[in-house]
Structures are given as C-alpha cells and as structure tokens.
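Dumped protein.pdb below, it's PDB, C-alpha atoms:
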```pdb
MODEL        1
ATOM      1  CA  MET A 159       0.000   0.000   0.000
ATOM      2  CA  GLU A 160       2.839   2.399   0.806
ATOM      3  CA  SER A 161       4.501   1.856  -2.562
ATOM      4  CA  GLN A 162       1.215   2.486  -4.363
ATOM      5  CA  LEU A 163       0.709   5.699  -2.399
ATOM      6  CA  ALA A 164       4.253   6.798  -3.232
ATOM      7  CA  PHE A 165       3.678   5.992  -6.903
ATOM      8  CA  ILE A 166       0.425   7.970  -7.009
ATOM      9  CA  THR A 167       2.103  10.892  -5.240
ATOM     10  CA  ILE A 168       4.983  10.928  -7.728
ATOM     11  CA  CYS A 169       2.557  10.726 -10.676
ATOM     12  CA  ILE A 170       0.506  13.658  -9.375
ATOM     13  CA  ALA A 171       3.617  15.733  -8.638
ATOM     14  CA  SER A 172       5.115  15.111 -12.085
ATOM     15  CA  ALA A 173       1.809  15.862 -13.821
ATOM     16  CA  ALA A 174       1.397  19.076 -11.820
ATOM     17  CA  SER A 175       4.935  20.332 -12.413
ATOM     18  CA  PRO A 176       5.432  22.438 -15.534
ATOM     19  CA  GLY A 177       7.833  21.376 -18.236
ATOM     20  CA  PRO A 178      10.592  23.554 -19.707
ATOM     21  CA  GLY A 179       8.264  24.986 -22.354
ATOM     22  CA  MET A 180       5.716  26.047 -19.786
ATOM     23  CA  LEU A 181       8.436  27.563 -17.606
ATOM     24  CA  ALA A 182       9.691  29.576 -20.591
ATOM     25  CA  VAL A 183       6.180  30.849 -21.301
ATOM     26  CA  LEU A 184       5.541  31.706 -17.645
ATOM     27  CA  SER A 185       8.840  33.512 -17.124
ATOM     28  CA  ASN A 186       8.474  35.381 -20.410
ATOM     29  CA  SER A 187       4.912  36.419 -19.596
ATOM     30  CA  LEU A 188       5.960  37.664 -16.164
ATOM     31  CA  ASN A 189       8.967  39.604 -17.483
ATOM     32  CA  GLN A 190       7.575  40.786 -20.833
ATOM     33  CA  ASN A 191       4.232  41.819 -22.237
ATOM     34  CA  MET A 192       1.750  39.590 -24.060
ATOM     35  CA  GLN A 193       3.008  40.533 -27.541
ATOM     36  CA  ARG A 194       6.451  39.156 -26.691
ATOM     37  CA  THR A 195       5.034  36.006 -25.121
ATOM     38  CA  ILE A 196       2.911  34.906 -28.087
ATOM     39  CA  PRO A 197       5.960  34.150 -30.327
ATOM     40  CA  VAL A 198       7.400  31.980 -27.539
ATOM     41  CA  ILE A 199       4.136  30.025 -27.322
ATOM     42  CA  LEU A 200       3.963  29.642 -31.103
ATOM     43  CA  GLY A 201       7.621  28.614 -31.293
ATOM     44  CA  ILE A 202       7.272  25.922 -28.643
ATOM     45  CA  SER A 203       4.058  24.598 -30.209
ATOM     46  CA  THR A 204       5.586  24.541 -33.695
ATOM     47  CA  GLY A 205       8.708  22.773 -32.443
ATOM     48  CA  LEU A 206       6.694  20.089 -30.677
ATOM     49  CA  LEU A 207       4.483  19.605 -33.720
ATOM     50  CA  LEU A 208       7.455  19.263 -36.079
ATOM     51  CA  ALA A 209       9.253  16.858 -33.753
ATOM     52  CA  SER A 210       6.132  14.695 -33.494
ATOM     53  CA  ILE A 211       5.541  14.658 -37.242
ATOM     54  CA  LEU A 212       9.164  13.865 -38.081
ATOM     55  CA  SER A 213       9.552  11.092 -35.523
ATOM     56  CA  ASN A 214       6.246   9.442 -36.393
ATOM     57  CA  SER A 215       6.725   9.694 -40.150
ATOM     58  CA  TRP A 216      10.259   8.295 -39.901
ATOM     59  CA  LEU A 217       9.062   5.390 -37.812
ATOM     60  CA  LEU A 218       6.111   4.664 -40.105
ATOM     61  CA  THR A 219       8.310   4.853 -43.194
ATOM     62  CA  LEU A 220      10.828   2.485 -41.668
ATOM     63  CA  VAL A 221       8.179  -0.030 -40.647
ATOM     64  CA  HIS A 222       6.320   0.074 -43.979
ATOM     65  CA  THR A 223       9.379  -0.198 -46.203
ATOM     66  CA  ASN A 224      11.352  -2.806 -44.289
ATOM     67  CA  ALA A 225       9.675  -6.037 -43.188
ATOM     68  CA  LEU A 226      12.638  -6.981 -41.018
ATOM     69  CA  ALA A 227      12.436  -3.668 -39.153
ATOM     70  CA  TYR A 228       8.739  -4.316 -38.531
ATOM     71  CA  GLN A 229       9.446  -7.793 -37.175
ATOM     72  CA  VAL A 230      12.273  -6.522 -34.966
ATOM     73  CA  MET A 231      10.122  -3.716 -33.580
ATOM     74  CA  THR A 232       7.231  -6.105 -32.973
ATOM     75  CA  GLY A 233       9.551  -8.504 -31.164
ATOM     76  CA  LEU A 234      11.088  -5.767 -29.035
ATOM     77  CA  CYS A 235       7.712  -4.327 -28.060
ATOM     78  CA  SER A 236       6.295  -7.763 -27.275
ATOM     79  CA  SER A 237       9.365  -8.657 -25.222
ATOM     80  CA  TYR A 238       9.076  -5.444 -23.247
ATOM     81  CA  ILE A 239       5.397  -6.069 -22.476
ATOM     82  CA  ILE A 240       6.204  -9.637 -21.374
ATOM     83  CA  TYR A 241       9.057  -8.294 -19.216
ATOM     84  CA  LEU A 242       6.729  -5.795 -17.544
ATOM     85  CA  GLY A 243       4.154  -8.523 -16.893
ATOM     86  CA  CYS A 244       6.717 -10.893 -15.388
ATOM     87  CA  ARG A 245       8.145  -8.114 -13.270
ATOM     88  CA  ALA A 246       4.693  -7.172 -11.987
ATOM     89  CA  ILE A 247       3.959 -10.806 -11.104
ATOM     90  CA  TYR A 248       7.345 -11.215  -9.390
ATOM     91  CA  TYR A 249       6.992  -8.074  -7.283
ATOM     92  CA  SER A 250       3.372  -8.798  -6.390
ATOM     93  CA  LYS A 251       4.364 -12.233  -5.033
ATOM     94  CA  SER A 252       7.432 -10.921  -3.191
ATOM     95  CA  GLN A 253       5.396  -8.265  -1.350
ATOM     96  CA  ALA A 254       2.571 -10.628  -0.397
TER      97      ALA A 254
ENDMDL
END
```
I'd like the structure from this file rewritten - as structure tokens, please.
Amino acid sequence: MESQLAFITICIASAASPGPGMLAVLSNSLNQNMQRTIPVILGISTGLLLASILSNSWLLTLVHTNALAYQVMTGLCSSYIIYLGCRAIYYSKSQA
C-alpha cells in the first residue's frame, strides 16, 4: 500500500509540475508583455508539432518499407510487455 501511495504521489507531482516549455512561457509572460510572449508560445508549439511529425513519419516509413524492421520492432515491443508482466507478477508475489 505504501509503494502504491508513493507511486500515485509521484505521478501527481510530475503531472502538476510544468515542463521547460511552460516555464519559458511563464517567465516570459511575467517579465515581458503579451506581444512578446505569443511568439514563444507559437515557437514551442511549432517545435513540438514538427518533432512529433518527423519522428512518427520516420518510424512509419521504416516499418512500412522494411519487413525486417517491422518484425524486430514487434519482437522488441512484445518482449518489453512480457518483461513488464513478469516483473509485476514477481513483485506482487514478493510483497505478499
């Protein structure tokens, strides 16, 4: 029970804490006016959008053009899910 409470507390604290983009927007809005803060907001949003598009399109292109890459990625993802399941079972039995 204590570990679950600690986990929930850490999850809430990390979700409530602002990231570097939010800190940049907050500090800029406190030190500057709104017209100087809007470009910061647009820049951060554009950067995140471009990073998401590039990483997802690269991954999709790799998986669709190379069957071996798809099989390797499927194997790695499946292995990781099995590892997490075994770890959860192991730790649940060791704490009981």
## Note on the structure
note - CA of Ser210 (chain A) and CA of Gly179 (chain A) are separated by 15.3 Å
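Straight-line separation from CA of Val183 (chain A) to CA of Leu208 (chain A): 18.8 Å.
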### Task
Measuring atom to atom with only C-alpha atoms, identify which of A:Ile211, A:Leu184, A:Gly233, A:Trp216 is nearest to Ile199 (chain A).
A:Leu184
#### Entry: Evaluate the PyMOL selection byres ((chain A and resi 198) around 12) and report residues as an NGL selection string
:A and (178-187 or 190-197 or 199-205)
### Task
Tell me, as an NGL selection string, which residues lie within 12 Å of Tyr228 (chain A), counting all atoms listed in the file; anything in the same chain fewer than 6 positions away does not count.
:A and (217-222 or 234-235)
Restricting it to C-alpha atoms, dump the selection as a PDB file, keeping the file's coordinate frame.
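Output below, filename selection_33.pdb:
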```
ATOM      1  CA  LEU A 217       9.062   5.390 -37.812  1.00  0.00           C
ATOM      2  CA  LEU A 218       6.111   4.664 -40.105  1.00  0.00           C
ATOM      3  CA  THR A 219       8.310   4.853 -43.194  1.00  0.00           C
ATOM      4  CA  LEU A 220      10.828   2.485 -41.668  1.00  0.00           C
ATOM      5  CA  VAL A 221       8.179  -0.030 -40.647  1.00  0.00           C
ATOM      6  CA  HIS A 222       6.320   0.074 -43.979  1.00  0.00           C
ATOM      7  CA  LEU A 234      11.088  -5.767 -29.035  1.00  0.00           C
ATOM      8  CA  CYS A 235       7.712  -4.327 -28.060  1.00  0.00           C
TER       9      CYS A 235
END
```
Kindly list the centre and edge lengths in Å, rounded to one decimal, for the axis-aligned box that covers all listed atoms of region 183-188 of chain A plus 4 Å on each of its six sides, as AutoDock Vina command-line options.
```
--center_x 6.9 --center_y 34.3 --center_z -18.7 --size_x 11.9 --size_y 14.8 --size_z 13.1
```
Please, could N, CA and C atoms be added to region 198-222 of chain A and the result written as an mmCIF file, in the coordinates of the input?
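Listed below is the output, out.cif:
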```cif
data_model
loop_
_atom_site.group_PDB
_atom_site.id
_atom_site.type_symbol
_atom_site.label_atom_id
_atom_site.label_comp_id
_atom_site.auth_asym_id
_atom_site.auth_seq_id
_atom_site.Cartn_x
_atom_site.Cartn_y
_atom_site.Cartn_z
ATOM 1 N N VAL A 198 6.823 33.096 -28.299
ATOM 2 C CA VAL A 198 7.400 31.980 -27.539
ATOM 3 C C VAL A 198 6.434 30.805 -27.544
ATOM 4 N N ILE A 199 5.156 31.077 -27.315
ATOM 5 C CA ILE A 199 4.136 30.025 -27.322
ATOM 6 C C ILE A 199 4.063 29.367 -28.694
ATOM 7 N N LEU A 200 4.031 30.188 -29.739
ATOM 8 C CA LEU A 200 3.963 29.642 -31.103
ATOM 9 C C LEU A 200 5.218 28.851 -31.461
ATOM 10 N N GLY A 201 6.369 29.320 -31.008
ATOM 11 C CA GLY A 201 7.621 28.614 -31.293
ATOM 12 C C GLY A 201 7.676 27.253 -30.619
ATOM 13 N N ILE A 202 7.272 27.193 -29.363
ATOM 14 C CA ILE A 202 7.272 25.922 -28.643
ATOM 15 C C ILE A 202 6.266 24.963 -29.272
ATOM 16 N N SER A 203 5.086 25.453 -29.597
ATOM 17 C CA SER A 203 4.058 24.598 -30.209
ATOM 18 C C SER A 203 4.508 24.086 -31.571
ATOM 19 N N THR A 204 5.105 24.948 -32.374
ATOM 20 C CA THR A 204 5.586 24.541 -33.695
ATOM 21 C C THR A 204 6.702 23.513 -33.574
ATOM 22 N N GLY A 205 7.619 23.723 -32.649
ATOM 23 C CA GLY A 205 8.708 22.773 -32.443
ATOM 24 C C GLY A 205 8.211 21.406 -32.025
ATOM 25 N N LEU A 206 7.258 21.371 -31.101
ATOM 26 C CA LEU A 206 6.694 20.089 -30.677
ATOM 27 C C LEU A 206 5.941 19.399 -31.812
ATOM 28 N N LEU A 207 5.212 20.175 -32.590
ATOM 29 C CA LEU A 207 4.483 19.605 -33.720
ATOM 30 C C LEU A 207 5.437 19.017 -34.757
ATOM 31 N N LEU A 208 6.483 19.762 -35.099
ATOM 32 C CA LEU A 208 7.455 19.263 -36.079
ATOM 33 C C LEU A 208 8.184 18.025 -35.572
ATOM 34 N N ALA A 209 8.567 18.023 -34.316
ATOM 35 C CA ALA A 209 9.253 16.858 -33.753
ATOM 36 C C ALA A 209 8.347 15.629 -33.781
ATOM 37 N N SER A 210 7.074 15.813 -33.468
ATOM 38 C CA SER A 210 6.132 14.695 -33.494
ATOM 39 C C SER A 210 5.934 14.170 -34.907
ATOM 40 N N ILE A 211 5.754 15.069 -35.855
ATOM 41 C CA ILE A 211 5.541 14.658 -37.242
ATOM 42 C C ILE A 211 6.763 13.939 -37.795
ATOM 43 N N LEU A 212 7.950 14.488 -37.557
ATOM 44 C CA LEU A 212 9.164 13.865 -38.081
ATOM 45 C C LEU A 212 9.424 12.499 -37.464
ATOM 46 N N SER A 213 9.270 12.384 -36.155
ATOM 47 C CA SER A 213 9.552 11.092 -35.523
ATOM 48 C C SER A 213 8.530 10.039 -35.934
ATOM 49 N N ASN A 214 7.268 10.415 -35.998
ATOM 50 C CA ASN A 214 6.246 9.442 -36.393
ATOM 51 C C ASN A 214 6.353 9.061 -37.856
ATOM 52 N N SER A 215 6.621 10.029 -38.733
ATOM 53 C CA SER A 215 6.725 9.694 -40.150
ATOM 54 C C SER A 215 7.965 8.850 -40.421
ATOM 55 N N TRP A 216 9.063 9.110 -39.728
ATOM 56 C CA TRP A 216 10.259 8.295 -39.901
ATOM 57 C C TRP A 216 9.990 6.867 -39.458
ATOM 58 N N LEU A 217 9.355 6.718 -38.322
ATOM 59 C CA LEU A 217 9.062 5.390 -37.812
ATOM 60 C C LEU A 217 8.100 4.641 -38.732
ATOM 61 N N LEU A 218 7.059 5.311 -39.196
ATOM 62 C CA LEU A 218 6.111 4.664 -40.105
ATOM 63 C C LEU A 218 6.765 4.285 -41.427
ATOM 64 N N THR A 219 7.607 5.155 -41.941
ATOM 65 C CA THR A 219 8.310 4.853 -43.194
ATOM 66 C C THR A 219 9.224 3.648 -43.021
ATOM 67 N N LEU A 220 9.932 3.607 -41.924
ATOM 68 C CA LEU A 220 10.828 2.485 -41.668
ATOM 69 C C LEU A 220 10.062 1.176 -41.561
ATOM 70 N N VAL A 221 8.964 1.189 -40.853
ATOM 71 C CA VAL A 221 8.179 -0.030 -40.647
ATOM 72 C C VAL A 221 7.513 -0.484 -41.939
ATOM 73 N N HIS A 222 7.018 0.447 -42.745
ATOM 74 C CA HIS A 222 6.320 0.074 -43.979
ATOM 75 C C HIS A 222 7.259 -0.352 -45.104
#
```
